[in-house]
Amino acid sequence: MISRSVLILKWVFLLITILANGNPPEEPVKCSNNFTNCTITNSYGAFPDRSTCHAAEAAYPSSEEDIVSIVANATREKRKMRVATRYSHSIPKLVCPDGEDGLIISTENLNRIINIDKEEMLVTVESGVTLIQLIDEAAKSGLALPYTPYWLGLTVGGLLGTGAHGSTLWADGSAIHDHVVQMRIVTPGSQEDGYATVRTLEENGELDGEMMAAKVSLGVLGVISQVRYSLVQSPLFNHENILPENIRDLSVSC
């Protein structure tokens, strides 16, 4: 009779074998010619209705200034816009610009850690930074997010836009957006504003109502450029100490 511990070890070995053969999701945005005539899907390769989502063009800003220029041009031309993340992990068709003349704005190149304030326990990042980047950089300063979703390939903007969360009812809860204290978002503007506006939203600030709406906006209120998180002191362990290096890397791609 095989003991329970042996069975558990076999299941663990099987899981490691499956993970070792994992690959990152395919690029969700595919264009036939120089970022034009594009299609977009999610990391699962299909939307629930199995439809193909088309867009006339895809843009890859690498700074807030790039976002402002892209949003302004699209607003002037009255084009519909949607924001896509690096792996487009959401199941619903939130990234579809609704029509073949639409524009997809990818945050793939908005991937920088802007600042870490160890004393105030704050980190400011661009919206395309992945969860694993955020965790790693915060850990270097002895800091951590209180709770996180399970998949480390999610981006900061995607986490907020879809209300991603961990699993607890303790303290402020496990929703990632509950730990955001400031964000910068680029929205369409009037002609007087140059067709694009950069809004700085802060917790308990003058625009607190807009901050609450923008935290879980489903990507329809604008393009998030930067986010500032409130962190906590890092626990005594971290994922690098728990997981072997090869398994830790695969947790992003699987």
# chains A, B, ... in the order shown; residues from 1 in each chain; ligands from 1
>>> select_by_dssp(residues="region 58-244 of chain A", states="strand (DSSP E)", output="VMD selection string")
chain A and resid 58 to 59 81 to 84 103 to 106 113 to 117 122 to 126 143 to 144 180 to 188 196 to 202 223 to 230 232 to 233
>>> select_by_dssp(residues="region 13-225 of chain A", states="alpha helix (DSSP H)", output="PyMOL selection string")
chain A and resi 13-20+64-76+131-140+156-161+208-215
>>> residues_around(residues="Val156 (chain A)", least_positions_apart="5", cutoff="8 Å", atoms="only C-alpha atoms", output="PDB file with all heavy atoms, in the first residue's frame")
ATOM      1  N   GLU A 126       5.718  52.560 -13.343  1.00  0.00           N
ATOM      2  CA  GLU A 126       4.916  52.741 -14.547  1.00  0.00           C
ATOM      3  C   GLU A 126       3.901  51.609 -14.649  1.00  0.00           C
ATOM      4  O   GLU A 126       4.080  50.532 -14.064  1.00  0.00           O
ATOM      5  CB  GLU A 126       5.822  52.780 -15.782  1.00  0.00           C
ATOM      6  CG  GLU A 126       6.695  54.021 -15.832  1.00  0.00           C
ATOM      7  CD  GLU A 126       7.541  54.093 -17.091  1.00  0.00           C
ATOM      8  OE1 GLU A 126       8.026  53.038 -17.544  1.00  0.00           O
ATOM      9  OE2 GLU A 126       7.725  55.210 -17.612  1.00  0.00           O
ATOM     10  N   SER A 127       2.854  51.835 -15.430  1.00  0.00           N
ATOM     11  CA  SER A 127       1.714  50.912 -15.410  1.00  0.00           C
ATOM     12  C   SER A 127       1.992  49.567 -16.068  1.00  0.00           C
ATOM     13  O   SER A 127       1.261  48.602 -15.848  1.00  0.00           O
ATOM     14  CB  SER A 127       0.509  51.568 -16.092  1.00  0.00           C
ATOM     15  OG  SER A 127       0.784  51.833 -17.459  1.00  0.00           O
ATOM     16  N   GLY A 128       3.063  49.458 -16.864  1.00  0.00           N
ATOM     17  CA  GLY A 128       3.373  48.199 -17.509  1.00  0.00           C
ATOM     18  C   GLY A 128       4.306  47.314 -16.703  1.00  0.00           C
ATOM     19  O   GLY A 128       4.651  46.210 -17.141  1.00  0.00           O
ATOM     20  N   VAL A 129       4.716  47.761 -15.513  1.00  0.00           N
ATOM     21  CA  VAL A 129       5.566  46.951 -14.642  1.00  0.00           C
ATOM     22  C   VAL A 129       4.795  45.704 -14.214  1.00  0.00           C
ATOM     23  O   VAL A 129       3.629  45.773 -13.838  1.00  0.00           O
ATOM     24  CB  VAL A 129       5.998  47.762 -13.405  1.00  0.00           C
ATOM     25  CG1 VAL A 129       6.566  46.863 -12.307  1.00  0.00           C
ATOM     26  CG2 VAL A 129       7.021  48.814 -13.802  1.00  0.00           C
ATOM     27  N   THR A 130       5.453  44.550 -14.280  1.00  0.00           N
ATOM     28  CA  THR A 130       4.788  43.302 -13.902  1.00  0.00           C
ATOM     29  C   THR A 130       4.835  43.109 -12.387  1.00  0.00           C
ATOM     30  O   THR A 130       5.656  43.707 -11.687  1.00  0.00           O
ATOM     31  CB  THR A 130       5.436  42.091 -14.582  1.00  0.00           C
ATOM     32  OG1 THR A 130       6.815  42.019 -14.195  1.00  0.00           O
ATOM     33  CG2 THR A 130       5.329  42.187 -16.095  1.00  0.00           C
ATOM     34  N   LEU A 131       3.975  42.249 -11.911  1.00  0.00           N
ATOM     35  CA  LEU A 131       3.902  41.972 -10.479  1.00  0.00           C
ATOM     36  C   LEU A 131       5.220  41.422  -9.954  1.00  0.00           C
ATOM     37  O   LEU A 131       5.665  41.799  -8.858  1.00  0.00           O
ATOM     38  CB  LEU A 131       2.756  40.986 -10.212  1.00  0.00           C
ATOM     39  CG  LEU A 131       2.497  40.607  -8.757  1.00  0.00           C
ATOM     40  CD1 LEU A 131       2.221  41.842  -7.913  1.00  0.00           C
ATOM     41  CD2 LEU A 131       1.319  39.631  -8.679  1.00  0.00           C
ATOM     42  N   VAL A 227       1.693  54.644 -11.066  1.00  0.00           N
ATOM     43  CA  VAL A 227       0.944  54.268  -9.862  1.00  0.00           C
ATOM     44  C   VAL A 227       1.892  54.292  -8.667  1.00  0.00           C
ATOM     45  O   VAL A 227       3.037  53.853  -8.769  1.00  0.00           O
ATOM     46  CB  VAL A 227       0.323  52.857  -9.995  1.00  0.00           C
ATOM     47  CG1 VAL A 227      -0.407  52.477  -8.714  1.00  0.00           C
ATOM     48  CG2 VAL A 227      -0.620  52.790 -11.180  1.00  0.00           C
TER      49      VAL A 227
END
>>> residues_around(residues="Leu94 (chain A)", least_positions_apart="2", cutoff="7 Å", atoms="only C-alpha atoms", output="list in words")
Pro92, Cys96 and Leu218 of chain A
>>> write_last_selection(atoms="C-alpha atoms", output="PDB file, in the first residue's frame")
ATOM      1  CA  PRO A  92     -13.661  39.406 -21.162  1.00  0.00           C
ATOM      2  CA  CYS A  96     -11.476  45.357 -28.069  1.00  0.00           C
ATOM      3  CA  LEU A 218     -11.863  48.466 -16.663  1.00  0.00           C
TER       4      LEU A 218
END
>>> residues_around(residues="Ile113 (chain A)", least_positions_apart="2", cutoff="7 Å", atoms="only C-alpha atoms", output="MDAnalysis selection string")
chainID A and resid 111 115 124:126
>>> residues_around(residues="region 33-38 of chain A", least_positions_apart="3", cutoff="12 Å", atoms="only C-alpha atoms", output="PyMOL selection string")
chain A and resi 27-30+41+52-60+96-97+99-106
>>> residues_around(residues="Ser225 (chain A)", least_positions_apart="5", cutoff="9 Å", atoms="only C-alpha atoms", output="NGL selection string")
:A and (63-64 or 67 or 107 or 110 or 125-128 or 157 or 183-186)
>>> write_last_selection(atoms="C-alpha atoms", output="CSV table (one decimal), in the first residue's frame")
chain,number,residue,atom,x,y,z
A,63,SER,CA,6.8,57.3,-21.5
A,64,GLU,CA,4.0,59.4,-20.3
A,67,ILE,CA,0.9,58.4,-24.1
A,107,THR,CA,1.7,49.3,-21.9
A,110,LEU,CA,6.0,51.3,-19.7
A,125,VAL,CA,6.1,52.5,-10.9
A,126,GLU,CA,4.9,52.7,-14.5
A,127,SER,CA,1.7,50.9,-15.4
A,128,GLY,CA,3.4,48.2,-17.5
A,157,GLY,CA,-2.3,48.8,-14.8
A,183,MET,CA,-1.9,57.5,-9.8
A,184,ARG,CA,-1.4,59.5,-13.0
A,185,ILE,CA,-3.8,58.8,-15.8
A,186,VAL,CA,-4.0,60.3,-19.3
>>> closest_residue(among="A:Arg82, A:Val216, A:His165, A:Ile176", to="Ile70 (chain A)", atoms="only C-alpha atoms")
A:Arg82
>>> closest_residue(among="A:Gly161, A:Ser230, A:Gly219, A:Ala196", to="Ser69 (chain A)", atoms="only C-alpha atoms")
A:Ala196
>>> closest_residue(among="A:Asp98, A:Glu65, A:Glu26, A:Glu210", to="Lys80 (chain A)", atoms="only C-alpha atoms")
A:Asp98
>>> closest_residue(among="A:Ser51, A:Thr75, A:Ser90, A:Ser43", to="Thr197 (chain A)", atoms="only C-alpha atoms")
A:Thr75
>>> atom_distance(atom1="CA of Gly45 (chain A)", atom2="CA of Val71 (chain A)")
27.4 Å
>>> closest_residue(among="A:Ile224, A:Val232, A:Val180, A:Ala138", to="Met212 (chain A)", atoms="only C-alpha atoms")
A:Val180
>>> decode(residues="region 79-112 of chain A", atoms="N, CA and C atoms", output="PDB file, in the first residue's frame")
ATOM      1  N   ARG A  79     -11.043  58.569 -32.818  1.00  0.00           N
ATOM      2  CA  ARG A  79     -10.860  57.128 -32.870  1.00  0.00           C
ATOM      3  C   ARG A  79     -11.097  56.517 -31.499  1.00  0.00           C
ATOM      4  N   LYS A  80     -11.665  55.324 -31.464  1.00  0.00           N
ATOM      5  CA  LYS A  80     -11.850  54.597 -30.216  1.00  0.00           C
ATOM      6  C   LYS A  80     -10.530  53.955 -29.810  1.00  0.00           C
ATOM      7  N   MET A  81     -10.262  53.982 -28.501  1.00  0.00           N
ATOM      8  CA  MET A  81      -9.008  53.455 -27.976  1.00  0.00           C
ATOM      9  C   MET A  81      -9.272  52.420 -26.895  1.00  0.00           C
ATOM     10  N   ARG A  82      -8.386  51.446 -26.785  1.00  0.00           N
ATOM     11  CA  ARG A  82      -8.391  50.501 -25.686  1.00  0.00           C
ATOM     12  C   ARG A  82      -6.951  50.231 -25.266  1.00  0.00           C
ATOM     13  N   VAL A  83      -6.760  49.910 -23.992  1.00  0.00           N
ATOM     14  CA  VAL A  83      -5.425  49.659 -23.451  1.00  0.00           C
ATOM     15  C   VAL A  83      -5.206  48.160 -23.316  1.00  0.00           C
ATOM     16  N   ALA A  84      -4.063  47.690 -23.792  1.00  0.00           N
ATOM     17  CA  ALA A  84      -3.694  46.277 -23.690  1.00  0.00           C
ATOM     18  C   ALA A  84      -2.456  46.144 -22.811  1.00  0.00           C
ATOM     19  N   THR A  85      -2.392  45.074 -22.025  1.00  0.00           N
ATOM     20  CA  THR A  85      -1.230  44.818 -21.183  1.00  0.00           C
ATOM     21  C   THR A  85      -0.305  43.804 -21.863  1.00  0.00           C
ATOM     22  N   ARG A  86       0.790  43.507 -21.218  1.00  0.00           N
ATOM     23  CA  ARG A  86       1.830  42.676 -21.825  1.00  0.00           C
ATOM     24  C   ARG A  86       1.304  41.302 -22.246  1.00  0.00           C
ATOM     25  N   TYR A  87       0.494  40.672 -21.383  1.00  0.00           N
ATOM     26  CA  TYR A  87      -0.018  39.344 -21.693  1.00  0.00           C
ATOM     27  C   TYR A  87      -1.523  39.312 -21.893  1.00  0.00           C
ATOM     28  N   SER A  88      -2.213  40.433 -21.671  1.00  0.00           N
ATOM     29  CA  SER A  88      -3.668  40.516 -21.863  1.00  0.00           C
ATOM     30  C   SER A  88      -4.360  39.345 -21.170  1.00  0.00           C
ATOM     31  N   HIS A  89      -4.258  39.311 -19.840  1.00  0.00           N
ATOM     32  CA  HIS A  89      -4.668  38.147 -19.070  1.00  0.00           C
ATOM     33  C   HIS A  89      -6.175  38.058 -18.814  1.00  0.00           C
ATOM     34  N   SER A  90      -6.931  39.126 -19.072  1.00  0.00           N
ATOM     35  CA  SER A  90      -8.369  39.124 -18.769  1.00  0.00           C
ATOM     36  C   SER A  90      -9.155  38.280 -19.762  1.00  0.00           C
ATOM     37  N   ILE A  91     -10.170  37.601 -19.260  1.00  0.00           N
ATOM     38  CA  ILE A  91     -11.013  36.775 -20.111  1.00  0.00           C
ATOM     39  C   ILE A  91     -11.991  37.607 -20.939  1.00  0.00           C
ATOM     40  N   PRO A  92     -12.701  38.609 -20.366  1.00  0.00           N
ATOM     41  CA  PRO A  92     -13.661  39.406 -21.162  1.00  0.00           C
ATOM     42  C   PRO A  92     -12.966  40.229 -22.238  1.00  0.00           C
ATOM     43  N   LYS A  93     -13.746  40.755 -23.167  1.00  0.00           N
ATOM     44  CA  LYS A  93     -13.201  41.505 -24.306  1.00  0.00           C
ATOM     45  C   LYS A  93     -12.997  42.980 -23.959  1.00  0.00           C
ATOM     46  N   LEU A  94     -12.298  43.231 -22.862  1.00  0.00           N
ATOM     47  CA  LEU A  94     -12.085  44.611 -22.441  1.00  0.00           C
ATOM     48  C   LEU A  94     -11.125  45.354 -23.356  1.00  0.00           C
ATOM     49  N   VAL A  95     -10.307  44.632 -24.112  1.00  0.00           N
ATOM     50  CA  VAL A  95      -9.290  45.275 -24.952  1.00  0.00           C
ATOM     51  C   VAL A  95      -9.779  45.554 -26.371  1.00  0.00           C
ATOM     52  N   CYS A  96     -10.981  45.153 -26.703  1.00  0.00           N
ATOM     53  CA  CYS A  96     -11.476  45.357 -28.069  1.00  0.00           C
ATOM     54  C   CYS A  96     -11.922  46.808 -28.274  1.00  0.00           C
ATOM     55  N   PRO A  97     -11.367  47.510 -29.259  1.00  0.00           N
ATOM     56  CA  PRO A  97     -11.745  48.912 -29.480  1.00  0.00           C
ATOM     57  C   PRO A  97     -13.058  49.091 -30.228  1.00  0.00           C
ATOM     58  N   ASP A  98     -13.792  47.995 -30.477  1.00  0.00           N
ATOM     59  CA  ASP A  98     -15.130  48.080 -31.057  1.00  0.00           C
ATOM     60  C   ASP A  98     -15.110  48.716 -32.448  1.00  0.00           C
ATOM     61  N   GLY A  99     -14.519  47.992 -33.369  1.00  0.00           N
ATOM     62  CA  GLY A  99     -14.476  48.488 -34.742  1.00  0.00           C
ATOM     63  C   GLY A  99     -13.085  48.388 -35.324  1.00  0.00           C
ATOM     64  N   GLU A 100     -12.999  48.216 -36.632  1.00  0.00           N
ATOM     65  CA  GLU A 100     -11.704  48.006 -37.275  1.00  0.00           C
ATOM     66  C   GLU A 100     -10.911  49.292 -37.465  1.00  0.00           C
ATOM     67  N   ASP A 101     -11.470  50.434 -37.048  1.00  0.00           N
ATOM     68  CA  ASP A 101     -10.744  51.697 -37.133  1.00  0.00           C
ATOM     69  C   ASP A 101     -10.134  52.072 -35.785  1.00  0.00           C
ATOM     70  N   GLY A 102     -10.264  51.202 -34.793  1.00  0.00           N
ATOM     71  CA  GLY A 102      -9.820  51.512 -33.436  1.00  0.00           C
ATOM     72  C   GLY A 102      -8.321  51.427 -33.245  1.00  0.00           C
ATOM     73  N   LEU A 103      -7.882  51.883 -32.061  1.00  0.00           N
ATOM     74  CA  LEU A 103      -6.466  51.929 -31.710  1.00  0.00           C
ATOM     75  C   LEU A 103      -6.239  51.151 -30.421  1.00  0.00           C
ATOM     76  N   ILE A 104      -5.225  50.290 -30.427  1.00  0.00           N
ATOM     77  CA  ILE A 104      -4.812  49.573 -29.223  1.00  0.00           C
ATOM     78  C   ILE A 104      -3.539  50.227 -28.690  1.00  0.00           C
ATOM     79  N   ILE A 105      -3.557  50.589 -27.410  1.00  0.00           N
ATOM     80  CA  ILE A 105      -2.386  51.182 -26.760  1.00  0.00           C
ATOM     81  C   ILE A 105      -1.820  50.156 -25.793  1.00  0.00           C
ATOM     82  N   SER A 106      -0.644  49.638 -26.087  1.00  0.00           N
ATOM     83  CA  SER A 106      -0.016  48.622 -25.245  1.00  0.00           C
ATOM     84  C   SER A 106       0.898  49.274 -24.210  1.00  0.00           C
ATOM     85  N   THR A 107       0.863  48.757 -22.982  1.00  0.00           N
ATOM     86  CA  THR A 107       1.740  49.275 -21.924  1.00  0.00           C
ATOM     87  C   THR A 107       3.015  48.445 -21.767  1.00  0.00           C
ATOM     88  N   GLU A 108       3.309  47.616 -22.749  1.00  0.00           N
ATOM     89  CA  GLU A 108       4.459  46.707 -22.645  1.00  0.00           C
ATOM     90  C   GLU A 108       5.768  47.431 -22.367  1.00  0.00           C
ATOM     91  N   ASN A 109       5.965  48.617 -22.952  1.00  0.00           N
ATOM     92  CA  ASN A 109       7.223  49.343 -22.783  1.00  0.00           C
ATOM     93  C   ASN A 109       7.202  50.338 -21.625  1.00  0.00           C
ATOM     94  N   LEU A 110       6.090  50.421 -20.916  1.00  0.00           N
ATOM     95  CA  LEU A 110       6.016  51.263 -19.718  1.00  0.00           C
ATOM     96  C   LEU A 110       6.366  50.382 -18.517  1.00  0.00           C
ATOM     97  N   ASN A 111       7.620  50.016 -18.415  1.00  0.00           N
ATOM     98  CA  ASN A 111       8.024  48.946 -17.500  1.00  0.00           C
ATOM     99  C   ASN A 111       9.113  49.346 -16.510  1.00  0.00           C
ATOM    100  N   ARG A 112       9.115  50.602 -16.085  1.00  0.00           N
ATOM    101  CA  ARG A 112      10.186  51.086 -15.209  1.00  0.00           C
ATOM    102  C   ARG A 112       9.705  51.313 -13.764  1.00  0.00           C
TER     103      ARG A 112
END
